Every structure is written in structure tokens, then in C-alpha cells.
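Q: The following file, upload_9.pdb, comprises PDB, N, CA and C atoms:
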```pdb
ATOM      1  N   MET A   1     101.519 115.469 105.085
ATOM      2  CA  MET A   1     101.943 114.082 105.184
ATOM      3  C   MET A   1     103.219 113.981 106.011
ATOM      4  N   GLY A   2     103.349 114.796 107.026
ATOM      5  CA  GLY A   2     104.517 114.717 107.888
ATOM      6  C   GLY A   2     104.129 114.141 109.220
ATOM      7  N   GLY A   3     104.982 114.330 110.205
ATOM      8  CA  GLY A   3     104.690 113.865 111.541
ATOM      9  C   GLY A   3     105.173 112.459 111.780
ATOM     10  N   ALA A   4     104.623 111.834 112.817
ATOM     11  CA  ALA A   4     105.037 110.491 113.217
ATOM     12  C   ALA A   4     104.696 109.470 112.143
ATOM     13  N   PRO A   5     105.537 108.446 111.982
ATOM     14  CA  PRO A   5     105.246 107.399 110.988
ATOM     15  C   PRO A   5     103.929 106.712 111.303
ATOM     16  N   SER A   6     103.206 106.344 110.276
ATOM     17  CA  SER A   6     101.962 105.604 110.468
ATOM     18  C   SER A   6     101.715 104.721 109.266
ATOM     19  N   ALA A   7     100.917 103.717 109.475
ATOM     20  CA  ALA A   7     100.470 102.855 108.386
ATOM     21  C   ALA A   7      98.995 103.144 108.174
ATOM     22  N   VAL A   8      98.585 103.217 106.916
ATOM     23  CA  VAL A   8      97.188 103.463 106.600
ATOM     24  C   VAL A   8      96.697 102.408 105.626
ATOM     25  N   GLU A   9      95.412 102.153 105.666
ATOM     26  CA  GLU A   9      94.792 101.198 104.748
ATOM     27  C   GLU A   9      93.782 101.932 103.895
ATOM     28  N   TYR A  10      93.886 101.707 102.604
ATOM     29  CA  TYR A  10      92.940 102.277 101.651
ATOM     30  C   TYR A  10      92.095 101.130 101.121
ATOM     31  N   ALA A  11      90.806 101.231 101.240
ATOM     32  CA  ALA A  11      89.902 100.240 100.656
ATOM     33  C   ALA A  11      88.566 100.917 100.377
ATOM     34  N   LEU A  12      88.022 100.608  99.220
ATOM     35  CA  LEU A  12      86.718 101.128  98.836
ATOM     36  C   LEU A  12      85.797  99.969  98.495
ATOM     37  N   ALA A  13      84.522 100.192  98.635
ATOM     38  CA  ALA A  13      83.554  99.188  98.205
ATOM     39  C   ALA A  13      83.712  98.972  96.703
ATOM     40  N   SER A  14      83.514  97.723  96.266
ATOM     41  CA  SER A  14      83.747  97.388  94.869
ATOM     42  C   SER A  14      82.770  96.326  94.405
ATOM     43  N   VAL A  15      82.642  96.183  93.090
ATOM     44  CA  VAL A  15      81.816  95.121  92.513
ATOM     45  C   VAL A  15      82.622  93.818  92.378
ATOM     46  N   LEU A  16      83.902  93.844  92.725
ATOM     47  CA  LEU A  16      84.731  92.636  92.671
ATOM     48  C   LEU A  16      84.200  91.594  93.657
ATOM     49  N   PRO A  17      84.493  90.311  93.448
ATOM     50  CA  PRO A  17      84.028  89.283  94.382
ATOM     51  C   PRO A  17      84.422  89.550  95.839
ATOM     52  N   SER A  18      85.579  90.174  96.050
ATOM     53  CA  SER A  18      86.019  90.482  97.417
ATOM     54  C   SER A  18      85.243  91.644  98.029
ATOM     55  N   ARG A  19      84.499  92.372  97.168
ATOM     56  CA  ARG A  19      83.727  93.554  97.546
ATOM     57  C   ARG A  19      84.611  94.721  97.999
ATOM     58  N   ARG A  20      85.929  94.615  97.737
ATOM     59  CA  ARG A  20      86.849  95.680  98.133
ATOM     60  C   ARG A  20      87.833  95.976  97.013
ATOM     61  N   GLU A  21      88.107  97.233  96.814
ATOM     62  CA  GLU A  21      89.183  97.667  95.935
ATOM     63  C   GLU A  21      90.267  98.194  96.865
ATOM     64  N   THR A  22      91.484  97.690  96.712
ATOM     65  CA  THR A  22      92.548  98.108  97.621
ATOM     66  C   THR A  22      93.737  98.665  96.858
ATOM     67  N   PHE A  23      94.586  99.347  97.574
ATOM     68  CA  PHE A  23      95.856  99.866  97.064
ATOM     69  C   PHE A  23      96.916  98.985  97.692
ATOM     70  N   HIS A  24      97.428  98.012  96.945
ATOM     71  CA  HIS A  24      98.313  97.004  97.523
ATOM     72  C   HIS A  24      99.768  97.449  97.609
ATOM     73  N   ALA A  25     100.166  98.434  96.845
ATOM     74  CA  ALA A  25     101.560  98.877  96.867
ATOM     75  C   ALA A  25     101.933  99.414  98.245
ATOM     76  N   LYS A  26     103.180  99.223  98.600
ATOM     77  CA  LYS A  26     103.700  99.777  99.843
ATOM     78  C   LYS A  26     104.507 101.014  99.460
ATOM     79  N   VAL A  27     104.278 102.109 100.156
ATOM     80  CA  VAL A  27     104.938 103.364  99.844
ATOM     81  C   VAL A  27     105.532 103.920 101.131
ATOM     82  N   VAL A  28     106.797 104.307 101.057
ATOM     83  CA  VAL A  28     107.457 104.942 102.187
ATOM     84  C   VAL A  28     107.960 106.296 101.725
ATOM     85  N   LEU A  29     107.539 107.344 102.410
ATOM     86  CA  LEU A  29     107.990 108.689 102.102
ATOM     87  C   LEU A  29     109.287 108.935 102.851
ATOM     88  N   ALA A  30     110.368 109.193 102.119
ATOM     89  CA  ALA A  30     111.657 109.490 102.740
ATOM     90  C   ALA A  30     111.708 110.956 103.143
ATOM     91  N   ASP A  31     111.315 111.818 102.265
ATOM     92  CA  ASP A  31     111.210 113.253 102.501
ATOM     93  C   ASP A  31     110.351 113.812 101.373
ATOM     94  N   ALA A  32     110.355 115.089 101.193
ATOM     95  CA  ALA A  32     109.482 115.688 100.177
ATOM     96  C   ALA A  32     109.926 115.391  98.754
ATOM     97  N   SER A  33     111.103 114.776  98.584
ATOM     98  CA  SER A  33     111.599 114.575  97.218
ATOM     99  C   SER A  33     111.902 113.121  96.864
ATOM    100  N   ALA A  34     111.643 112.172  97.757
ATOM    101  CA  ALA A  34     111.940 110.769  97.440
ATOM    102  C   ALA A  34     110.948 109.837  98.129
ATOM    103  N   PHE A  35     110.542 108.778  97.383
ATOM    104  CA  PHE A  35     109.653 107.750  97.908
ATOM    105  C   PHE A  35     110.213 106.383  97.545
ATOM    106  N   TYR A  36     109.933 105.381  98.382
ATOM    107  CA  TYR A  36     110.104 103.984  97.981
ATOM    108  C   TYR A  36     108.703 103.509  97.637
ATOM    109  N   VAL A  37     108.533 102.836  96.523
ATOM    110  CA  VAL A  37     107.261 102.253  96.119
ATOM    111  C   VAL A  37     107.526 100.809  95.736
ATOM    112  N   GLY A  38     106.793  99.877  96.328
ATOM    113  CA  GLY A  38     107.020  98.472  96.015
ATOM    114  C   GLY A  38     105.846  97.604  96.400
ATOM    115  N   SER A  39     106.022  96.311  96.217
ATOM    116  CA  SER A  39     104.953  95.356  96.486
ATOM    117  C   SER A  39     105.146  94.591  97.789
ATOM    118  N   SER A  40     106.318  94.661  98.363
ATOM    119  CA  SER A  40     106.647  93.826  99.513
ATOM    120  C   SER A  40     105.897  94.233 100.769
ATOM    121  N   ASN A  41     105.329  93.224 101.447
ATOM    122  CA  ASN A  41     104.826  93.449 102.793
ATOM    123  C   ASN A  41     106.050  93.572 103.680
ATOM    124  N   PHE A  42     106.039  94.478 104.633
ATOM    125  CA  PHE A  42     107.211  94.717 105.467
ATOM    126  C   PHE A  42     107.216  93.775 106.666
ATOM    127  N   MET A  43     107.383  92.500 106.398
ATOM    128  CA  MET A  43     107.472  91.491 107.445
ATOM    129  C   MET A  43     108.422  90.393 106.976
ATOM    130  N   GLY A  44     109.043  89.717 107.930
ATOM    131  CA  GLY A  44     110.048  88.721 107.613
ATOM    132  C   GLY A  44     109.581  87.664 106.635
ATOM    133  N   SER A  45     108.386  87.120 106.838
ATOM    134  CA  SER A  45     107.917  86.035 105.974
ATOM    135  C   SER A  45     107.801  86.491 104.525
ATOM    136  N   ALA A  46     107.348  87.711 104.292
ATOM    137  CA  ALA A  46     107.224  88.214 102.916
ATOM    138  C   ALA A  46     108.598  88.427 102.300
ATOM    139  N   LEU A  47     109.523  88.917 103.088
ATOM    140  CA  LEU A  47     110.850  89.204 102.567
ATOM    141  C   LEU A  47     111.679  87.942 102.369
ATOM    142  N   ASP A  48     111.429  86.915 103.172
ATOM    143  CA  ASP A  48     112.186  85.661 103.083
ATOM    144  C   ASP A  48     111.666  84.716 102.006
ATOM    145  N   ARG A  49     110.360  84.734 101.729
ATOM    146  CA  ARG A  49     109.756  83.703 100.882
ATOM    147  C   ARG A  49     109.177  84.196  99.570
ATOM    148  N   SER A  50     109.214  85.482  99.338
ATOM    149  CA  SER A  50     108.581  86.027  98.145
ATOM    150  C   SER A  50     109.591  86.796  97.317
ATOM    151  N   PHE A  51     109.345  86.836  96.014
ATOM    152  CA  PHE A  51     110.117  87.719  95.149
ATOM    153  C   PHE A  51     109.332  89.005  95.061
ATOM    154  N   GLU A  52     109.868  90.046  95.630
ATOM    155  CA  GLU A  52     109.192  91.333  95.655
ATOM    156  C   GLU A  52     110.005  92.344  94.858
ATOM    157  N   CYS A  53     109.389  93.439  94.511
ATOM    158  CA  CYS A  53     110.047  94.438  93.698
ATOM    159  C   CYS A  53     109.665  95.818  94.197
ATOM    160  N   GLY A  54     110.602  96.749  94.095
ATOM    161  CA  GLY A  54     110.320  98.119  94.476
ATOM    162  C   GLY A  54     111.308  99.060  93.827
ATOM    163  N   VAL A  55     110.986 100.330  93.844
ATOM    164  CA  VAL A  55     111.859 101.354  93.285
ATOM    165  C   VAL A  55     111.860 102.567  94.212
ATOM    166  N   VAL A  56     112.926 103.338  94.103
ATOM    167  CA  VAL A  56     112.978 104.630  94.777
ATOM    168  C   VAL A  56     112.709 105.686  93.708
ATOM    169  N   VAL A  57     111.764 106.560  93.982
ATOM    170  CA  VAL A  57     111.335 107.577  93.035
ATOM    171  C   VAL A  57     111.824 108.939  93.537
ATOM    172  N   HIS A  58     112.462 109.705  92.642
ATOM    173  CA  HIS A  58     113.009 111.022  92.987
ATOM    174  C   HIS A  58     112.426 112.096  92.075
ATOM    175  N   GLY A  59     112.668 113.352  92.429
ATOM    176  CA  GLY A  59     112.395 114.477  91.548
ATOM    177  C   GLY A  59     110.928 114.713  91.254
ATOM    178  N   ASP A  60     110.636 115.098  90.009
ATOM    179  CA  ASP A  60     109.262 115.422  89.597
ATOM    180  C   ASP A  60     108.299 114.266  89.822
ATOM    181  N   ALA A  61     108.745 113.051  89.534
ATOM    182  CA  ALA A  61     107.869 111.884  89.723
ATOM    183  C   ALA A  61     107.484 111.748  91.193
ATOM    184  N   ALA A  62     108.419 111.995  92.094
ATOM    185  CA  ALA A  62     108.123 111.918  93.528
ATOM    186  C   ALA A  62     107.137 113.006  93.931
ATOM    187  N   ARG A  63     107.324 114.193  93.413
ATOM    188  CA  ARG A  63     106.390 115.284  93.735
ATOM    189  C   ARG A  63     104.981 114.967  93.228
ATOM    190  N   GLN A  64     104.869 114.394  92.043
ATOM    191  CA  GLN A  64     103.561 114.022  91.501
ATOM    192  C   GLN A  64     102.937 112.895  92.318
ATOM    193  N   LEU A  65     103.761 111.919  92.711
ATOM    194  CA  LEU A  65     103.256 110.809  93.527
ATOM    195  C   LEU A  65     102.751 111.316  94.871
ATOM    196  N   ARG A  66     103.340 112.360  95.379
ATOM    197  CA  ARG A  66     102.896 112.938  96.651
ATOM    198  C   ARG A  66     101.426 113.370  96.556
ATOM    199  N   TYR A  67     101.004 113.936  95.421
ATOM    200  CA  TYR A  67      99.602 114.337  95.247
ATOM    201  C   TYR A  67      98.675 113.117  95.239
ATOM    202  N   VAL A  68      99.103 112.048  94.569
ATOM    203  CA  VAL A  68      98.306 110.816  94.547
ATOM    204  C   VAL A  68      98.165 110.268  95.955
ATOM    205  N   LEU A  69      99.274 110.215  96.691
ATOM    206  CA  LEU A  69      99.236 109.684  98.055
ATOM    207  C   LEU A  69      98.400 110.553  98.981
ATOM    208  N   SER A  70      98.431 111.851  98.791
ATOM    209  CA  SER A  70      97.589 112.739  99.598
ATOM    210  C   SER A  70      96.114 112.429  99.377
ATOM    211  N   ALA A  71      95.740 112.194  98.128
ATOM    212  CA  ALA A  71      94.345 111.858  97.822
ATOM    213  C   ALA A  71      93.956 110.526  98.452
ATOM    214  N   LEU A  72      94.834 109.526  98.344
ATOM    215  CA  LEU A  72      94.544 108.228  98.955
ATOM    216  C   LEU A  72      94.451 108.341 100.470
ATOM    217  N   LYS A  73      95.386 109.073 101.053
ATOM    218  CA  LYS A  73      95.397 109.192 102.514
ATOM    219  C   LYS A  73      94.138 109.885 103.025
ATOM    220  N   SER A  74      93.560 110.772 102.225
ATOM    221  CA  SER A  74      92.365 111.493 102.662
ATOM    222  C   SER A  74      91.169 110.561 102.841
ATOM    223  N   ILE A  75      91.179 109.403 102.204
ATOM    224  CA  ILE A  75      90.075 108.443 102.366
ATOM    225  C   ILE A  75      90.520 107.159 103.052
ATOM    226  N   ALA A  76      91.759 107.117 103.527
ATOM    227  CA  ALA A  76      92.288 105.928 104.190
ATOM    228  C   ALA A  76      92.023 105.986 105.687
ATOM    229  N   ARG A  77      92.236 104.864 106.338
ATOM    230  CA  ARG A  77      92.131 104.833 107.792
ATOM    231  C   ARG A  77      93.487 104.423 108.344
ATOM    232  N   ILE A  78      93.854 105.003 109.489
ATOM    233  CA  ILE A  78      95.110 104.651 110.144
ATOM    234  C   ILE A  78      94.985 103.265 110.730
ATOM    235  N   VAL A  79      95.983 102.423 110.484
ATOM    236  CA  VAL A  79      96.003 101.072 111.041
ATOM    237  C   VAL A  79      96.598 101.169 112.446
ATOM    238  N   PRO A  80      95.845 100.768 113.475
ATOM    239  CA  PRO A  80      96.371 100.884 114.834
ATOM    240  C   PRO A  80      97.549  99.949 115.075
ATOM    241  N   SER A  81      98.410 100.314 115.983
ATOM    242  CA  SER A  81      99.542  99.458 116.357
ATOM    243  C   SER A  81      99.027  98.151 116.923
ATOM    244  N   TYR A  82      99.822  97.093 116.741
ATOM    245  CA  TYR A  82      99.447  95.815 117.354
ATOM    246  C   TYR A  82     100.656  95.122 117.866
TER     247      TYR A  82
END
```
What do you get writing this file as C-alpha cells?

A:
Amino acid sequence: MGGAPSAVEYALASVLPSRRETFHAKVVLADASAFYVGSSNFMGSALDRSFECGVVVHGDAARQLRYVLSALKSIARIVPSY
């Protein structure tokens, strides 16, 4: 999970009305020992008009979250630049 920064989208087929199950949380890997995890979309309108929440995760919890993110990334698709 290193290299150049990228955005990925995780979505699976679902029985929900939207027909998609998604991972809505935003996660930023700082390094191998810290992550930011939150709900905010990283755009001005979301940050200006919404109450969003996030936390920075360190230590063992960050290492465990890395395994979860690796599993999600293995079935995600890279979102192309726009």
C-alpha cells in the first residue's frame, strides 16, 4: 500500500435498493503506523456545509486497520484523475 497517492472505490453488488454495497469512510494512510479515518468527502462543499467527523488511529489499531484496507483495496478499482 505504498507508492504514489491514489483514490480507490470499493463497491460490491448488493440486494439493497441501490444494488451496491460501498465503503463510505475516507481513509488516509500517513505511514505504516497512523491513519486518518473519517466520513468527510475531501472537497470544499463537503467541508463547508457538512458536519463531518474523523479520527487519527495509531499503534496496534492502525496496524490492524492496514489489514482491512489491504483486503478492501484488493477488490477496489482506482479512480482515475479528473

Q: So which one's closest to Ala76 (chain A), A:Val8, A:Val56, A:Leu16, A:Ala25? Using all atoms listed in the file, please.

A: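 Checking each candidate against Ala76 (chain A), we get A:Val8 as the closest.
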
Q: Going by the chain IDs and residue numbers used in this file, which residues fall under the PyMOL selection byres ((chain A and resi 9) around 6)? Write them as an MDAnalysis selection string.

A: chainID A and resid 7:8 10:11 76:79

Q: So which one's closest to Ile75 (chain A), A:Ala34, A:Leu12, A:Val27, A:Ala62? Using all atoms listed in the file, please.

A: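 The closest residue to Ile75 (chain A) is A:Leu12.
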
Q: Which distance in Å separates atom N of Ala32 (chain A) and atom C of Ser70 (chain A), to one decimal?

A: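 Atom-to-atom, atom N of Ala32 (chain A) and atom C of Ser70 (chain A) are spaced 14.6 Å apart.
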
Q: Find, counting all atoms listed in the file, the residue in A:Lys26, A:Arg20, A:Val15, A:Ser33 that gets nearest to Asp60 (chain A).

A: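 Counting all atoms listed in the file, the residue closest to Asp60 (chain A) is A:Ser33.
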
Q: Write out as a list of chain:residue names the residues lying within 7 Å of Val55 (chain A), counting only N, CA and C atoms and excluding same-chain residues fewer than 2 positions away.

A: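 In the requested format, the answer is A:Phe35, A:Tyr36, A:Val37, A:Gly38, A:Ser39, A:Cys53, A:Val57.
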
Q: Just list as a ChimeraX atom specification whatever in chain A DSSP marks as strand (DSSP E).

A: /A:8-9,11-13,20-22,26-31,34-38,54-58,77-78

Q: Could you tell me how far CA of Glu21 (chain A) sits from CA of His58 (chain A), in Å to one decimal place?

A: 27.5 Å

Q: Residues of chain A classed as helix (DSSP H, G or I) by DSSP on the backbone are to be reported as an mmCIF file with N, CA and C atoms, in the coordinates of the input.

A:
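New file selection00.cif:
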```cif
data_model
loop_
_atom_site.group_PDB
_atom_site.id
_atom_site.type_symbol
_atom_site.label_atom_id
_atom_site.label_comp_id
_atom_site.auth_asym_id
_atom_site.auth_seq_id
_atom_site.Cartn_x
_atom_site.Cartn_y
_atom_site.Cartn_z
ATOM 1 N N GLY A 44 109.043 89.717 107.930
ATOM 2 C CA GLY A 44 110.048 88.721 107.613
ATOM 3 C C GLY A 44 109.581 87.664 106.635
ATOM 4 N N SER A 45 108.386 87.120 106.838
ATOM 5 C CA SER A 45 107.917 86.035 105.974
ATOM 6 C C SER A 45 107.801 86.491 104.525
ATOM 7 N N ALA A 46 107.348 87.711 104.292
ATOM 8 C CA ALA A 46 107.224 88.214 102.916
ATOM 9 C C ALA A 46 108.598 88.427 102.300
ATOM 10 N N LEU A 47 109.523 88.917 103.088
ATOM 11 C CA LEU A 47 110.850 89.204 102.567
ATOM 12 C C LEU A 47 111.679 87.942 102.369
ATOM 13 N N ASP A 48 111.429 86.915 103.172
ATOM 14 C CA ASP A 48 112.186 85.661 103.083
ATOM 15 C C ASP A 48 111.666 84.716 102.006
ATOM 16 N N ARG A 49 110.360 84.734 101.729
ATOM 17 C CA ARG A 49 109.756 83.703 100.882
ATOM 18 C C ARG A 49 109.177 84.196 99.570
ATOM 19 N N GLY A 59 112.668 113.352 92.429
ATOM 20 C CA GLY A 59 112.395 114.477 91.548
ATOM 21 C C GLY A 59 110.928 114.713 91.254
ATOM 22 N N ASP A 60 110.636 115.098 90.009
ATOM 23 C CA ASP A 60 109.262 115.422 89.597
ATOM 24 C C ASP A 60 108.299 114.266 89.822
ATOM 25 N N ALA A 61 108.745 113.051 89.534
ATOM 26 C CA ALA A 61 107.869 111.884 89.723
ATOM 27 C C ALA A 61 107.484 111.748 91.193
ATOM 28 N N ALA A 62 108.419 111.995 92.094
ATOM 29 C CA ALA A 62 108.123 111.918 93.528
ATOM 30 C C ALA A 62 107.137 113.006 93.931
ATOM 31 N N ARG A 63 107.324 114.193 93.413
ATOM 32 C CA ARG A 63 106.390 115.284 93.735
ATOM 33 C C ARG A 63 104.981 114.967 93.228
ATOM 34 N N GLN A 64 104.869 114.394 92.043
ATOM 35 C CA GLN A 64 103.561 114.022 91.501
ATOM 36 C C GLN A 64 102.937 112.895 92.318
ATOM 37 N N LEU A 65 103.761 111.919 92.711
ATOM 38 C CA LEU A 65 103.256 110.809 93.527
ATOM 39 C C LEU A 65 102.751 111.316 94.871
ATOM 40 N N ARG A 66 103.340 112.360 95.379
ATOM 41 C CA ARG A 66 102.896 112.938 96.651
ATOM 42 C C ARG A 66 101.426 113.370 96.556
ATOM 43 N N TYR A 67 101.004 113.936 95.421
ATOM 44 C CA TYR A 67 99.602 114.337 95.247
ATOM 45 C C TYR A 67 98.675 113.117 95.239
ATOM 46 N N VAL A 68 99.103 112.048 94.569
ATOM 47 C CA VAL A 68 98.306 110.816 94.547
ATOM 48 C C VAL A 68 98.165 110.268 95.955
ATOM 49 N N LEU A 69 99.274 110.215 96.691
ATOM 50 C CA LEU A 69 99.236 109.684 98.055
ATOM 51 C C LEU A 69 98.400 110.553 98.981
ATOM 52 N N SER A 70 98.431 111.851 98.791
ATOM 53 C CA SER A 70 97.589 112.739 99.598
ATOM 54 C C SER A 70 96.114 112.429 99.377
ATOM 55 N N ALA A 71 95.740 112.194 98.128
ATOM 56 C CA ALA A 71 94.345 111.858 97.822
ATOM 57 C C ALA A 71 93.956 110.526 98.452
ATOM 58 N N LEU A 72 94.834 109.526 98.344
ATOM 59 C CA LEU A 72 94.544 108.228 98.955
ATOM 60 C C LEU A 72 94.451 108.341 100.470
ATOM 61 N N LYS A 73 95.386 109.073 101.053
ATOM 62 C CA LYS A 73 95.397 109.192 102.514
ATOM 63 C C LYS A 73 94.138 109.885 103.025
ATOM 64 N N SER A 74 93.560 110.772 102.225
ATOM 65 C CA SER A 74 92.365 111.493 102.662
ATOM 66 C C SER A 74 91.169 110.561 102.841
ATOM 67 N N ILE A 75 91.179 109.403 102.204
ATOM 68 C CA ILE A 75 90.075 108.443 102.366
ATOM 69 C C ILE A 75 90.520 107.159 103.052
#
```

Q: Measure the distance from CA of Leu69 (chain A) to CA of Thr22 (chain A) in Å and round it to one decimal.

A: 13.4 Å

Q: Give me region 27-37 of chain A with all heavy atoms filled in, as a compact mmCIF listing (two decimals), keeping the file's coordinate frame.

A:
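New file rebuild_3.txt:
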```
# COMPACT_ATOMS: atom_id res chain seq x y z
N VAL A 27 104.28 102.11 100.16
CA VAL A 27 104.94 103.36 99.84
C VAL A 27 105.53 103.92 101.13
O VAL A 27 104.85 103.98 102.16
CB VAL A 27 103.93 104.38 99.25
CG1 VAL A 27 104.62 105.70 98.95
CG2 VAL A 27 103.26 103.81 98.02
N VAL A 28 106.80 104.31 101.06
CA VAL A 28 107.46 104.94 102.19
C VAL A 28 107.96 106.30 101.72
O VAL A 28 108.71 106.38 100.75
CB VAL A 28 108.65 104.09 102.70
CG1 VAL A 28 109.36 104.80 103.83
CG2 VAL A 28 108.17 102.71 103.14
N LEU A 29 107.54 107.34 102.41
CA LEU A 29 107.99 108.69 102.10
C LEU A 29 109.29 108.94 102.85
O LEU A 29 109.32 108.87 104.08
CB LEU A 29 106.93 109.71 102.53
CG LEU A 29 107.34 111.18 102.52
CD1 LEU A 29 107.68 111.62 101.10
CD2 LEU A 29 106.22 112.03 103.10
N ALA A 30 110.37 109.19 102.12
CA ALA A 30 111.66 109.49 102.74
C ALA A 30 111.71 110.96 103.14
O ALA A 30 112.12 111.30 104.24
CB ALA A 30 112.80 109.16 101.79
N ASP A 31 111.32 111.82 102.26
CA ASP A 31 111.21 113.25 102.50
C ASP A 31 110.35 113.81 101.37
O ASP A 31 109.70 113.05 100.66
CB ASP A 31 112.58 113.92 102.59
CG ASP A 31 113.43 113.71 101.34
OD1 ASP A 31 112.87 113.62 100.23
OD2 ASP A 31 114.66 113.63 101.47
N ALA A 32 110.36 115.09 101.19
CA ALA A 32 109.48 115.69 100.18
C ALA A 32 109.93 115.39 98.75
O ALA A 32 109.22 115.69 97.82
CB ALA A 32 109.41 117.19 100.39
N SER A 33 111.10 114.78 98.58
CA SER A 33 111.60 114.58 97.22
C SER A 33 111.90 113.12 96.86
O SER A 33 112.37 112.86 95.77
CB SER A 33 112.86 115.41 97.01
OG SER A 33 113.89 114.96 97.87
N ALA A 34 111.64 112.17 97.76
CA ALA A 34 111.94 110.77 97.44
C ALA A 34 110.95 109.84 98.13
O ALA A 34 110.56 110.06 99.27
CB ALA A 34 113.37 110.41 97.85
N PHE A 35 110.54 108.78 97.38
CA PHE A 35 109.65 107.75 97.91
C PHE A 35 110.21 106.38 97.54
O PHE A 35 110.85 106.23 96.50
CB PHE A 35 108.27 107.80 97.23
CG PHE A 35 107.41 108.95 97.61
CD1 PHE A 35 107.49 110.17 96.95
CD2 PHE A 35 106.48 108.81 98.62
CE1 PHE A 35 106.67 111.22 97.28
CE2 PHE A 35 105.65 109.86 98.96
CZ PHE A 35 105.75 111.07 98.29
N TYR A 36 109.93 105.38 98.38
CA TYR A 36 110.10 103.98 97.98
C TYR A 36 108.70 103.51 97.64
O TYR A 36 107.75 103.74 98.40
CB TYR A 36 110.67 103.12 99.12
CG TYR A 36 110.44 101.65 98.89
CD1 TYR A 36 111.29 100.92 98.07
CD2 TYR A 36 109.33 101.00 99.43
CE1 TYR A 36 111.05 99.57 97.81
CE2 TYR A 36 109.09 99.66 99.18
CZ TYR A 36 109.95 98.95 98.38
OH TYR A 36 109.71 97.63 98.11
N VAL A 37 108.53 102.84 96.52
CA VAL A 37 107.26 102.25 96.12
C VAL A 37 107.53 100.81 95.74
O VAL A 37 108.41 100.53 94.93
CB VAL A 37 106.64 102.99 94.90
CG1 VAL A 37 105.30 102.38 94.54
CG2 VAL A 37 106.52 104.47 95.16
```
